[in-house]
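upload-v9.tsv follows (TSV, C-alpha atoms):
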chain	number	residue	atom	x	y	z
A	116	MET	CA	-8.32	24.37	7.62
A	117	PRO	CA	-4.91	22.69	8.10
A	118	TYR	CA	-2.82	22.10	5.00
A	119	PHE	CA	0.78	21.21	4.34
A	120	GLU	CA	2.90	21.43	1.21
A	121	GLY	CA	3.60	18.15	-0.54
A	122	SER	CA	6.75	17.09	-2.30
A	123	ASP	CA	6.17	19.33	-5.35
A	124	ARG	CA	4.31	22.18	-3.60
A	125	THR	CA	0.99	20.39	-3.90
A	126	SER	CA	-1.38	21.55	-1.14
A	127	LEU	CA	-2.56	18.60	0.95
A	128	PHE	CA	-5.25	18.61	3.64
A	129	TYR	CA	-4.79	16.87	6.98
A	130	THR	CA	-6.67	16.21	10.21
A	131	ASP	CA	-4.95	16.16	13.62
A	132	TRP	CA	-6.87	14.99	16.69
A	133	GLY	CA	-5.75	14.27	20.25
A	134	GLN	CA	-2.47	14.13	22.11
A	135	GLY	CA	-0.02	11.37	22.93
A	136	LYS	CA	1.77	8.83	20.78
A	137	PRO	CA	1.29	9.81	17.11
A	138	VAL	CA	-0.62	7.48	14.81
A	139	VAL	CA	-0.70	8.49	11.14
A	140	PHE	CA	-3.43	6.94	8.99
A	141	VAL	CA	-2.83	6.48	5.25
A	142	SER	CA	-5.95	5.91	3.16
A	143	GLY	CA	-6.39	3.60	0.23
A	144	ALA	CA	-7.34	4.49	-3.32
A	145	TRP	CA	-10.28	6.91	-3.76
A	146	LEU	CA	-10.83	7.39	-0.03
A	147	SER	CA	-9.72	10.39	2.01
A	148	SER	CA	-8.93	11.09	5.66
A	149	SER	CA	-12.64	11.03	6.48
A	150	SER	CA	-12.68	7.26	5.99
A	151	TRP	CA	-10.72	6.82	9.23
A	152	GLU	CA	-13.34	8.37	11.53
A	153	PHE	CA	-14.13	5.02	13.14
A	154	GLN	CA	-10.50	4.72	14.23
A	155	MET	CA	-9.47	8.35	14.78
A	156	LEU	CA	-12.32	9.33	17.08
A	157	PRO	CA	-12.11	6.45	19.58
A	158	LEU	CA	-8.31	6.19	19.51
A	159	SER	CA	-7.84	9.93	20.05
A	160	GLU	CA	-10.11	9.57	23.08
A	161	ARG	CA	-7.84	6.79	24.37
A	162	GLY	CA	-4.74	8.98	24.56
A	163	LEU	CA	-3.34	8.82	21.03
A	164	ARG	CA	-2.61	11.65	18.60
A	165	CYS	CA	-4.39	10.63	15.40
A	166	VAL	CA	-3.40	12.23	12.10
A	167	ALA	CA	-4.76	11.53	8.62
A	168	PHE	CA	-4.43	13.32	5.30
A	169	ASP	CA	-6.06	13.44	1.89
A	170	LYS	CA	-3.92	12.00	-0.87
A	171	ARG	CA	-3.22	14.26	-3.84
A	172	GLY	CA	-6.21	14.21	-6.16
A	173	HIS	CA	-8.48	13.17	-3.28
A	174	GLY	CA	-10.85	14.93	-0.91
A	175	ARG	CA	-9.78	18.44	0.06
A	176	SER	CA	-6.23	18.21	-1.33
A	177	ASP	CA	-5.22	19.70	-4.67
A	178	TRP	CA	-6.64	17.79	-7.62
A	179	VAL	CA	-3.39	17.76	-9.54
A	180	GLY	CA	-2.90	15.56	-12.58
A	181	HIS	CA	0.48	14.09	-11.67
A	182	GLY	CA	2.44	12.42	-8.89
A	183	PHE	CA	0.45	9.25	-8.34
A	184	ASP	CA	3.52	6.98	-8.35
A	185	TYR	CA	4.71	5.56	-5.05
A	186	ASP	CA	7.86	7.70	-4.94
A	187	THR	CA	5.86	10.92	-5.01
A	188	LEU	CA	3.17	9.62	-2.67
A	189	ALA	CA	5.85	8.50	-0.20
A	190	ASP	CA	7.44	11.94	-0.42
A	191	ASP	CA	4.05	13.49	0.38
A	192	LEU	CA	3.86	11.31	3.50
A	193	ALA	CA	7.39	12.36	4.42
A	194	ALA	CA	6.39	16.01	4.01
A	195	LEU	CA	3.51	15.51	6.49
A	196	LEU	CA	5.74	13.89	9.11
A	197	ASP	CA	8.30	16.65	8.66
A	198	HIS	CA	5.64	19.39	8.77
A	199	LEU	CA	4.31	18.17	12.13
A	200	ASP	CA	7.76	16.96	13.27
A	201	LEU	CA	6.29	13.63	14.31
A	202	ARG	CA	8.49	10.96	15.88
A	203	GLU	CA	7.96	7.44	17.23
A	204	VAL	CA	5.09	7.24	14.75
A	205	THR	CA	2.81	4.28	14.14
A	206	LEU	CA	1.90	4.27	10.44
A	207	VAL	CA	-1.49	2.66	9.77
A	208	ALA	CA	-2.31	2.00	6.12
A	209	HIS	CA	-5.28	0.59	4.24
A	210	SER	CA	-5.27	-0.91	0.73
A	211	MET	CA	-2.81	0.88	-1.60
A	212	GLY	CA	-1.77	3.04	1.35
A	213	GLY	CA	0.32	0.07	2.40
A	214	GLY	CA	2.51	0.60	-0.63
A	215	GLU	CA	2.96	4.25	0.31
A	216	VAL	CA	4.16	3.21	3.76
A	217	ILE	CA	6.51	0.52	2.45
A	218	ARG	CA	7.98	2.91	-0.12
A	219	TYR	CA	8.27	5.67	2.49
A	220	LEU	CA	10.40	3.41	4.70
A	221	SER	CA	12.64	2.24	1.85
A	222	ARG	CA	13.01	5.82	0.59
A	223	HIS	CA	13.15	7.87	3.81
A	224	GLY	CA	14.26	5.45	6.50
A	225	TYR	CA	13.12	4.79	10.04
A	226	ASP	CA	14.05	7.87	12.05
A	227	ARG	CA	10.43	8.91	12.56
A	228	VAL	CA	8.67	5.53	12.56
A	229	SER	CA	8.53	2.92	15.30
A	230	ARG	CA	5.91	0.48	13.97
A	231	VAL	CA	3.61	-0.20	11.02
A	232	VAL	CA	0.10	-1.59	10.57
A	233	LEU	CA	-0.94	-2.90	7.14
A	234	ILE	CA	-4.71	-3.39	6.81
A	235	SER	CA	-6.16	-5.10	3.73
A	236	VAL	CA	-3.25	-3.80	1.66
A	237	THR	CA	-2.67	-4.44	-2.04
A	238	ALA	CA	1.07	-5.02	-1.53
A	239	PRO	CA	3.33	-6.68	-2.44
A	240	LEU	CA	2.19	-7.34	-6.06
A	241	MET	CA	-1.23	-8.19	-7.44
A	242	VAL	CA	-0.71	-8.44	-11.22
A	243	TRP	CA	0.84	-11.31	-13.14
A	244	ALA	CA	4.59	-11.46	-13.70
A	245	PRO	CA	6.82	-14.36	-14.78
A	246	ASP	CA	7.78	-14.89	-11.15
A	247	ASN	CA	4.28	-14.04	-9.90
A	248	PRO	CA	2.15	-16.53	-11.85
A	249	GLN	CA	-0.78	-16.38	-9.41
A	250	GLY	CA	-1.24	-12.67	-10.09
A	251	VAL	CA	-4.11	-11.13	-12.02
A	252	ASP	CA	-3.53	-11.14	-15.77
A	253	ARG	CA	-2.82	-7.62	-17.01
A	254	THR	CA	-5.46	-7.85	-19.73
A	255	VAL	CA	-8.09	-8.70	-17.10
A	256	PHE	CA	-6.85	-5.84	-14.94
A	257	ASP	CA	-7.03	-3.38	-17.86
A	258	ALA	CA	-10.54	-4.50	-18.77
A	259	LEU	CA	-11.76	-4.01	-15.19
A	260	LEU	CA	-10.13	-0.59	-15.05
A	261	ALA	CA	-11.79	0.45	-18.32
A	262	GLU	CA	-15.20	-0.74	-17.11
A	263	ARG	CA	-14.82	1.20	-13.88
A	264	THR	CA	-13.69	4.34	-15.69
A	265	ARG	CA	-16.65	4.35	-18.10
A	266	ASP	CA	-19.13	4.88	-15.27
A	267	ARG	CA	-17.53	5.33	-11.87
A	268	PRO	CA	-20.73	6.05	-9.91
A	269	ARG	CA	-22.50	2.97	-11.26
A	270	TRP	CA	-19.50	0.68	-10.80
A	271	MET	CA	-18.89	1.78	-7.23
A	272	ALA	CA	-22.55	1.46	-6.27
A	273	GLN	CA	-22.72	-2.03	-7.77
A	274	ASN	CA	-19.55	-3.19	-6.03
A	275	ALA	CA	-20.15	-1.65	-2.61
A	276	GLN	CA	-21.68	-4.82	-1.17
A	277	ALA	CA	-18.61	-6.84	-2.20
A	278	PHE	CA	-16.35	-4.19	-0.62
A	279	PHE	CA	-17.98	-4.89	2.74
A	280	ALA	CA	-18.74	-8.60	2.08
A	281	THR	CA	-22.30	-8.14	3.28
A	282	HIS	CA	-23.25	-11.44	1.64
A	283	LEU	CA	-21.29	-13.13	4.44
A	284	GLY	CA	-23.27	-11.44	7.17
A	285	ASN	CA	-21.15	-8.35	7.79
A	286	LYS	CA	-23.44	-5.65	9.13
A	287	ILE	CA	-23.36	-2.13	7.73
A	288	SER	CA	-26.22	0.29	7.12
A	289	SER	CA	-27.36	1.24	3.65
A	290	GLU	CA	-26.72	4.87	4.59
A	291	LEU	CA	-23.09	4.17	5.47
A	292	ILE	CA	-22.63	2.26	2.23
A	293	GLU	CA	-23.99	5.23	0.30
A	294	TRP	CA	-21.77	7.60	2.27
A	295	THR	CA	-18.70	5.49	1.45
A	296	VAL	CA	-19.55	5.45	-2.26
A	297	GLN	CA	-19.77	9.24	-2.21
A	298	ARG	CA	-16.37	9.45	-0.45
A	299	CYS	CA	-14.89	7.21	-3.18
A	300	LEU	CA	-16.26	9.53	-5.85
A	301	ASP	CA	-14.67	12.53	-4.15
A	302	CYS	CA	-11.44	12.22	-6.11
A	303	SER	CA	-10.51	13.23	-9.62
A	304	ALA	CA	-11.04	10.87	-12.54
A	305	LYS	CA	-7.29	11.04	-13.19
A	306	ALA	CA	-6.41	10.09	-9.62
A	307	ALA	CA	-9.00	7.29	-9.63
A	308	VAL	CA	-7.23	5.61	-12.55
A	309	GLU	CA	-3.60	6.28	-11.68
A	310	VAL	CA	-3.66	5.19	-8.04
A	311	ILE	CA	-5.13	1.83	-9.02
A	312	LYS	CA	-2.33	1.29	-11.53
A	313	THR	CA	0.21	2.17	-8.87
A	314	GLY	CA	-1.39	0.08	-6.15
A	315	CYS	CA	-1.84	-3.09	-8.17
A	316	CYS	CA	1.13	-3.02	-10.55
A	317	THR	CA	4.08	-1.87	-8.42
A	318	ASP	CA	6.36	-4.68	-7.25
A	319	LEU	CA	7.09	-4.16	-3.55
A	320	ARG	CA	8.27	-7.65	-2.71
A	321	GLU	CA	11.90	-6.78	-2.03
A	322	GLU	CA	10.99	-3.68	-0.05
A	323	ALA	CA	8.47	-5.57	2.07
A	324	ALA	CA	11.06	-8.23	2.83
A	325	ALA	CA	13.46	-5.49	4.00
A	326	LEU	CA	11.14	-3.83	6.57
A	327	GLN	CA	12.94	-3.18	9.83
A	328	VAL	CA	10.15	-2.29	12.28
A	329	PRO	CA	7.50	-4.38	14.04
A	330	THR	CA	4.59	-4.79	11.65
A	331	LEU	CA	0.99	-5.80	12.28
A	332	ILE	CA	-0.71	-7.28	9.21
A	333	ILE	CA	-4.52	-7.58	9.25
A	334	HIS	CA	-6.55	-8.97	6.36
A	335	GLY	CA	-10.03	-10.30	5.78
A	336	ASP	CA	-10.18	-13.75	4.22
A	337	ALA	CA	-13.11	-12.65	2.00
A	338	ASP	CA	-11.38	-9.55	0.61
A	339	ALA	CA	-12.44	-9.26	-3.04
A	340	SER	CA	-10.34	-6.14	-3.69
A	341	ALA	CA	-6.99	-7.38	-2.35
A	342	LEU	CA	-7.05	-11.15	-2.68
A	343	ILE	CA	-5.57	-12.56	0.48
A	344	GLU	CA	-3.32	-15.15	-1.19
A	345	LEU	CA	-1.63	-12.40	-3.21
A	346	THR	CA	-1.41	-9.89	-0.39
A	347	GLY	CA	-1.91	-10.59	3.32
A	348	ARG	CA	-0.68	-14.18	3.42
A	349	ARG	CA	2.23	-13.36	1.17
A	350	LEU	CA	3.23	-10.42	3.37
A	351	GLU	CA	3.14	-12.73	6.37
A	352	ARG	CA	5.85	-14.79	4.69
A	353	LEU	CA	7.86	-11.78	3.48
A	354	VAL	CA	7.93	-9.26	6.33
A	355	PRO	CA	10.60	-10.19	8.91
A	356	ASP	CA	9.08	-9.01	12.21
A	357	ASN	CA	5.33	-9.30	11.82
A	358	THR	CA	2.20	-10.23	13.69
A	359	TYR	CA	-0.43	-11.58	11.33
A	360	LYS	CA	-4.19	-11.65	11.88
A	361	GLU	CA	-6.97	-12.84	9.60
A	362	TYR	CA	-10.54	-11.73	10.14
A	363	PRO	CA	-12.85	-14.57	9.03
A	364	GLY	CA	-15.51	-13.45	6.55
A	365	ALA	CA	-14.22	-9.88	6.40
A	366	GLY	CA	-14.05	-7.95	3.14
A	367	HIS	CA	-11.98	-4.95	2.11
A	368	GLY	CA	-13.88	-2.41	4.21
A	369	ILE	CA	-12.62	-3.92	7.43
A	370	PHE	CA	-12.09	-0.52	9.05
A	371	MET	CA	-15.88	-0.07	9.12
A	372	THR	CA	-17.41	-3.56	9.41
A	373	HIS	CA	-14.87	-4.68	12.03
A	374	ALA	CA	-14.02	-1.33	13.61
A	375	ASP	CA	-14.24	-2.49	17.23
A	376	ALA	CA	-11.96	-5.50	16.72
A	377	LEU	CA	-9.57	-3.49	14.59
A	378	ASN	CA	-9.34	-0.66	17.12
A	379	GLN	CA	-8.58	-3.09	19.92
A	380	ASP	CA	-5.87	-4.73	17.82
A	381	LEU	CA	-4.38	-1.30	17.14
A	382	LEU	CA	-4.39	-0.38	20.82
A	383	ASP	CA	-2.81	-3.71	21.78
A	384	PHE	CA	-0.11	-3.31	19.15
A	385	ILE	CA	0.72	0.32	19.94
A	386	GLY	CA	0.88	-0.36	23.67
A	387	ASP	CA	0.63	2.05	26.57
A	388	THR	CA	-1.21	5.07	25.20
A	389	ALA	CA	-0.35	7.25	28.18
A	390	SER	CA	3.38	7.40	27.42

Spell out the structure here as structure tokens.
Amino acid sequence: MPYFEGSDRTSLFYTDWGQGKPVVFVSGAWLSSSSWEFQMLPLSERGLRCVAFDKRGHGRSDWVGHGFDYDTLADDLAALLDHLDLREVTLVAHSMGGGEVIRYLSRHGYDRVSRVVLISVTAPLMVWAPDNPQGVDRTVFDALLAERTRDRPRWMAQNAQAFFATHLGNKISSELIEWTVQRCLDCSAKAAVEVIKTGCCTDLREEAAALQVPTLIIHGDADASALIELTGRRLERLVPDNTYKEYPGAGHGIFMTHADALNQDLLDFIGDTAS
């Protein structure tokens, strides 16, 4: 199986399908490269090279107990792009993966990247701060994190419907919901806690405002995991060169419930797949 060496010699698994313009998919917390199958399969068949990897502590990558800060995660992403020598890359990120992409660009520059897609991301800052009064109070955040940690399987099973916003009519099979819960459990307990702290508590406002590539921002207006007023709509105001799309009634699992619409938006944004 294909592996590359991360920033501190951590072994990280990746998937590489197709030929053409490279598109690198960066997963959110708890999920691995397998979560992108509804994008990677059809897009690779449309003339794109689709690459995804398992974050440290997730999936088939090393379950190390360190390196869950954005600097290290961005360095892992840089190691993948260097390993495959990818250029003119479109980076596509979901949830906290958006922070990895933003930090990668501020830390490593733009030589390899031509455009960015931020899907249901937790950036730029979700917790309360004196200059972020609409953010989630840290005591509330800590209580939710403790509840989740006490019984991860139960918490994830109970919150799966909200992840997909099925109460608003979004269609997804019970089998796919169960499959997704199992994918979310396929990470270490340490990683499950630390990536949430990183994704929700890191202030990326200045870095988001300094992005220098065309950026497509897509967010569901019923996202219960990354509240749209704190994330998508704020990024629309911050990111200089962006195209912003809201999916009415969509939750956090937009890459599954709205896969067809999302894939078309990706193809439109990336452009001619034959070149």

Sorted by chain and rising residue number, list the residues of range 272-343 of chain A at most 12 Å from range 179-197 of chain A (counting all atoms listed in the file), each with its closest atom pair and distance in Å to one decimal, as CSV.
residue,atom,partner,partner_atom,distance
A:Cys302,CA,A:Val179,CA,10.4
A:Ser303,CA,A:Val179,CA,8.4
A:Ala304,CA,A:Gly180,CA,9.4
A:Lys305,CA,A:Gly180,CA,6.3
A:Ala306,CA,A:Phe183,CA,7.0
A:Ala307,CA,A:Phe183,CA,9.7
A:Val308,CA,A:Phe183,CA,9.5
A:Glu309,CA,A:Phe183,CA,6.0
A:Val310,CA,A:Phe183,CA,5.8
A:Ile311,CA,A:Phe183,CA,9.3
A:Lys312,CA,A:Asp184,CA,8.8
A:Thr313,CA,A:Asp184,CA,5.9
A:Gly314,CA,A:Tyr185,CA,8.3
A:Cys315,CA,A:Tyr185,CA,11.3
A:Cys316,CA,A:Asp184,CA,10.5
A:Thr317,CA,A:Tyr185,CA,8.2
A:Asp318,CA,A:Tyr185,CA,10.6
A:Leu319,CA,A:Tyr185,CA,10.1

For range 132-135 of chain A, please output as an MDAnalysis selection string all residues within 12 Å (counting all atoms listed in the file; exclusion window: fewer than 5 positions along the same chain).
-> chainID A and resid 117 140 148 151:152 154:168 201:205 385:390

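Candidate residues A:Val141, A:Ala365, A:Val216, A:Val207 were compared for distance to Leu326 in chain A, and the nearest is A:Val216, using all atoms listed in the file.
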
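Considering all atoms listed in the file, the residue among A:Ala325, A:Ala376, A:Ala258, A:Ala277 positioned nearest to Leu350 in chain A is A:Ala325.
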
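Shortest atom-to-atom contact with Ser142 in chain A among A:Glu344, A:Asp336, A:Glu215, A:Asp200: A:Glu215, counting all atoms listed in the file.
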
Starting from 6 Å padding per side, set up an axis-aligned box that covers all listed atoms of range 337-350 of chain A and hand over centre and edge lengths in Å, one decimal, as lines of an AutoDock Vina configuration file.
center_x = -4.9
center_y = -10.6
center_z = -0.1
size_x = 28.3
size_y = 21.0
size_z = 19.1
